[in-house]
file run_31.cif (mmCIF, C-alpha atoms)
data_upload
loop_
_atom_site.label_atom_id
_atom_site.label_comp_id
_atom_site.auth_asym_id
_atom_site.auth_seq_id
_atom_site.Cartn_x
_atom_site.Cartn_y
_atom_site.Cartn_z
CA MET A 162 4.31 18.38 -19.58
CA ALA A 163 7.00 18.49 -22.26
CA ARG A 164 10.15 16.55 -21.46
CA GLY A 165 13.30 18.57 -21.72
CA ALA A 166 11.47 21.91 -21.51
CA GLN A 167 13.73 24.56 -20.00
CA PRO A 168 12.42 27.14 -17.51
CA SER A 169 12.78 30.75 -18.56
CA ALA A 170 15.61 32.87 -17.19
CA SER A 171 13.18 35.14 -15.32
CA ILE A 172 11.69 32.19 -13.43
CA LEU A 173 15.14 30.89 -12.54
CA LEU A 174 16.14 34.34 -11.26
CA PHE A 175 12.91 34.54 -9.25
CA TYR A 176 13.61 31.19 -7.60
CA LEU A 177 17.24 32.13 -6.98
CA GLY A 178 15.99 35.22 -5.15
CA LEU A 179 13.71 33.05 -3.06
CA VAL A 180 16.59 30.78 -2.12
CA LEU A 181 18.74 33.76 -1.16
CA LEU A 182 15.91 35.13 0.96
CA PHE A 183 15.56 31.76 2.67
CA PHE A 184 19.25 31.40 3.48
CA THR A 185 19.89 35.02 4.50
CA SER A 186 16.94 35.10 6.85
CA GLY A 187 17.76 31.83 8.58
CA SER A 188 15.51 28.84 8.16
CA THR A 189 12.63 30.52 9.97
CA ILE A 190 10.85 33.55 8.56
CA ARG A 191 8.43 35.38 10.80
CA PHE A 192 5.66 37.29 9.05
CA ALA A 193 3.74 40.32 10.26
CA GLU A 194 0.19 39.61 11.36
CA GLY A 195 -2.08 39.75 8.31
CA GLN A 196 0.84 39.63 5.83
CA LYS A 197 -0.18 37.55 2.82
CA THR A 198 2.15 34.70 1.99
CA TRP A 199 2.48 32.11 -0.76
CA CYS A 200 3.97 28.62 -0.90
CA VAL A 201 6.32 27.76 -3.76
CA ALA A 202 8.64 24.90 -4.69
CA LYS A 203 12.27 25.17 -3.64
CA PRO A 204 14.44 25.43 -6.74
CA SER A 205 16.67 22.75 -5.25
CA ALA A 206 13.82 20.24 -4.90
CA ASP A 207 14.35 17.15 -7.01
CA ASP A 208 11.91 15.93 -9.66
CA LYS A 209 10.76 13.00 -7.52
CA ALA A 210 9.74 15.31 -4.64
CA LEU A 211 8.08 17.79 -7.00
CA THR A 212 6.13 15.04 -8.75
CA SER A 213 4.99 13.69 -5.40
CA ASN A 214 3.98 17.19 -4.25
CA LEU A 215 2.11 17.86 -7.48
CA ASN A 216 0.21 14.58 -7.28
CA TYR A 217 -0.64 15.01 -3.61
CA ALA A 218 -1.72 18.65 -3.87
CA CYS A 219 -3.87 17.96 -6.93
CA SER A 220 -5.54 15.04 -5.16
CA GLN A 221 -6.67 17.54 -2.50
CA VAL A 222 -7.48 20.68 -4.52
CA ASN A 223 -8.62 21.54 -8.06
CA CYS A 224 -5.51 21.98 -10.22
CA GLY A 225 -7.38 22.95 -13.39
CA VAL A 226 -5.30 26.14 -13.72
CA ILE A 227 -2.21 24.09 -14.64
CA GLN A 228 -3.98 21.94 -17.24
CA PRO A 229 -3.50 22.73 -20.96
CA GLY A 230 -5.34 25.95 -21.74
CA GLY A 231 -5.34 26.99 -18.07
CA PRO A 232 -3.92 30.37 -17.01
CA CYS A 233 -0.95 28.73 -15.20
CA TYR A 234 -0.16 26.01 -17.75
CA ASN A 235 2.81 27.95 -19.15
CA PRO A 236 5.62 27.64 -18.53
CA ASP A 237 4.97 23.94 -18.98
CA ASN A 238 7.53 22.50 -16.57
CA LEU A 239 7.49 20.54 -13.35
CA VAL A 240 8.81 23.29 -11.05
CA SER A 241 6.20 25.78 -12.21
CA HIS A 242 3.27 23.32 -12.08
CA ALA A 243 4.33 21.99 -8.68
CA ALA A 244 4.67 25.53 -7.28
CA VAL A 245 1.15 26.47 -8.40
CA ALA A 246 -0.32 23.22 -7.04
CA MET A 247 1.53 23.52 -3.73
CA ASN A 248 0.29 27.07 -3.30
CA LEU A 249 -3.29 26.06 -4.10
CA TYR A 250 -3.05 23.43 -1.35
CA TYR A 251 -1.43 25.90 1.07
CA ALA A 252 -4.12 28.53 0.46
CA ALA A 253 -7.00 26.04 0.69
CA HIS A 254 -5.75 24.68 4.01
CA GLY A 255 -5.32 27.97 5.87
CA ARG A 256 -1.85 29.23 4.89
CA ASN A 257 -0.27 27.53 7.91
CA SER A 258 3.46 26.88 7.80
CA TRP A 259 2.86 23.13 8.11
CA ASN A 260 0.73 23.26 4.94
CA CYS A 261 3.83 24.32 3.00
CA TYR A 262 6.33 21.81 4.31
CA PHE A 263 6.05 19.19 1.55
CA GLN A 264 8.93 17.16 3.03
CA ASN A 265 11.10 20.30 3.13
CA SER A 266 10.80 20.93 -0.62
CA ALA A 267 8.84 24.21 -0.39
CA LEU A 268 9.30 27.81 0.74
CA ILE A 269 6.89 30.38 2.14
CA VAL A 270 7.41 33.74 0.44
CA GLN A 271 6.04 37.25 0.91
CA SER A 272 6.40 38.33 -2.72
CA ASP A 273 3.44 37.47 -4.92
CA PRO A 274 4.70 34.93 -7.47
CA SER A 275 1.78 35.59 -9.86
CA TYR A 276 2.75 36.22 -13.48
CA GLY A 277 0.82 37.13 -16.63
CA SER A 278 -2.67 35.63 -16.34
CA CYS A 279 -1.54 33.15 -13.63
CA THR A 280 -2.72 34.38 -10.25
CA TYR A 281 -1.43 32.74 -7.09
CA TYR A 282 -4.13 32.97 -4.42
#

call {"tool": "encode", "arguments": {"input": "run_31.cif", "output": "structure tokens"}}
result
Amino acid sequence: MARGAQPSASILLFYLGLVLLFFTSGSTIRFAEGQKTWCVAKPSADDKALTSNLNYACSQVNCGVIQPGGPCYNPDNLVSHAAVAMNLYYAAHGRNSWNCYFQNSALIVQSDPSYGSCTYY
């Protein structure tokens, strides 16, 4: 991952929207039965937490999609890679709220965060 790489404005706006959703709905979001959800990194999470989340998630699931040449490699930054890895872990372990806690550095969202050729499952 390139040091000093800056996330794109659209990704920052997306994460800002997630934060607003989190704070305006209270800390607990209840989802309709059968509603698909995704787990993403909180924009406020620090690099140490995101690195830990990335390493843990990728020790449990295949993170090949965020490797160079993978469909989710770009943007090549820690927030993006951690979000993809955290969601892979969340999806592989049943999409339970406790599978998206990551020491309170993640959010469960109802909007599909997929972009371009990067599909969040």

call {"tool": "residues_around", "arguments": {"input": "run_31.cif", "residues": "Gln264 (chain A)", "least_positions_apart": "2", "cutoff": "12 Å", "atoms": "all atoms listed in the file", "output": "PyMOL selection string"}}
result
chain A and resi 202-203+206-207+209-211+213-214+217+247+259-262+266-268

call {"tool": "atom_distance", "arguments": {"input": "run_31.cif", "atom1": "CA of Asn223 (chain A)", "atom2": "CA of Asn238 (chain A)"}}
result
18.3 Å

call {"tool": "resolve_selection", "arguments": {"input": "run_31.cif", "expression": "the PyMOL selection byres ((chain A and resi 250-252) around 10)", "output": "ChimeraX atom specification"}}
result
/A:198-201,214-215,217-224,244-249,253-262,269,281-282

call {"tool": "atom_distance", "arguments": {"input": "run_31.cif", "atom1": "CA of Ser241 (chain A)", "atom2": "CA of Gly195 (chain A)"}}
result
26.2 Å

call {"tool": "atom_distance", "arguments": {"input": "run_31.cif", "atom1": "CA of Pro229 (chain A)", "atom2": "CA of Ser275 (chain A)"}}
result
17.8 Å

call {"tool": "resolve_selection", "arguments": {"input": "run_31.cif", "expression": "the PyMOL selection byres ((chain A and resi 278) around 10)", "output": "list in words"}}
result
Gly231, Pro232, Cys233, Asn235, Ser275, Tyr276, Gly277, Cys279, Thr280 and Tyr281 of chain A

call {"tool": "closest_residue", "arguments": {"input": "run_31.cif", "among": "A:Val240, A:Phe263, A:Val270, A:Ile227", "to": "Ser205 (chain A)", "atoms": "all atoms listed in the file"}}
result
A:Val240

call {"tool": "decode", "arguments": {"input": "run_31.cif", "residues": "region 213-246 of chain A", "atoms": "C-alpha atoms", "output": "JSON list (two decimals), in the first residue's frame"}}
result
[["chain", "number", "residue", "atom", "x", "y", "z"],
["A", 213, "SER", "CA", -5.07, -4.83, 13.22],
["A", 214, "ASN", "CA", -8.49, -5.42, 11.62],
["A", 215, "LEU", "CA", -6.94, -5.99, 8.21],
["A", 216, "ASN", "CA", -4.41, -8.48, 9.55],
["A", 217, "TYR", "CA", -6.98, -10.35, 11.63],
["A", 218, "ALA", "CA", -9.64, -10.54, 8.91],
["A", 219, "CYS", "CA", -7.12, -11.69, 6.30],
["A", 220, "SER", "CA", -5.85, -14.39, 8.66],
["A", 221, "GLN", "CA", -9.40, -15.78, 8.69],
["A", 222, "VAL", "CA", -10.60, -15.25, 5.10],
["A", 223, "ASN", "CA", -9.05, -15.01, 1.63],
["A", 224, "CYS", "CA", -8.20, -11.35, 0.97],
["A", 225, "GLY", "CA", -6.93, -11.88, -2.57],
["A", 226, "VAL", "CA", -9.32, -9.21, -3.89],
["A", 227, "ILE", "CA", -7.27, -6.47, -2.20],
["A", 228, "GLN", "CA", -3.91, -7.71, -3.49],
["A", 229, "PRO", "CA", -2.25, -5.91, -6.45],
["A", 230, "GLY", "CA", -4.23, -6.72, -9.58],
["A", 231, "GLY", "CA", -7.31, -7.69, -7.54],
["A", 232, "PRO", "CA", -10.68, -6.03, -8.22],
["A", 233, "CYS", "CA", -10.63, -4.18, -4.85],
["A", 234, "TYR", "CA", -6.95, -3.18, -4.80],
["A", 235, "ASN", "CA", -7.74, 0.40, -5.83],
["A", 236, "PRO", "CA", -7.99, 2.75, -4.15],
["A", 237, "ASP", "CA", -4.77, 1.54, -2.56],
["A", 238, "ASN", "CA", -5.22, 2.85, 0.97],
["A", 239, "LEU", "CA", -5.66, 1.40, 4.43],
["A", 240, "VAL", "CA", -9.30, 2.44, 4.98],
["A", 241, "SER", "CA", -10.43, 0.89, 1.71],
["A", 242, "HIS", "CA", -8.46, -2.35, 2.14],
["A", 243, "ALA", "CA", -9.55, -2.72, 5.76],
["A", 244, "ALA", "CA", -13.21, -2.14, 4.84],
["A", 245, "VAL", "CA", -13.12, -4.86, 2.17],
["A", 246, "ALA", "CA", -11.34, -7.31, 4.49]]
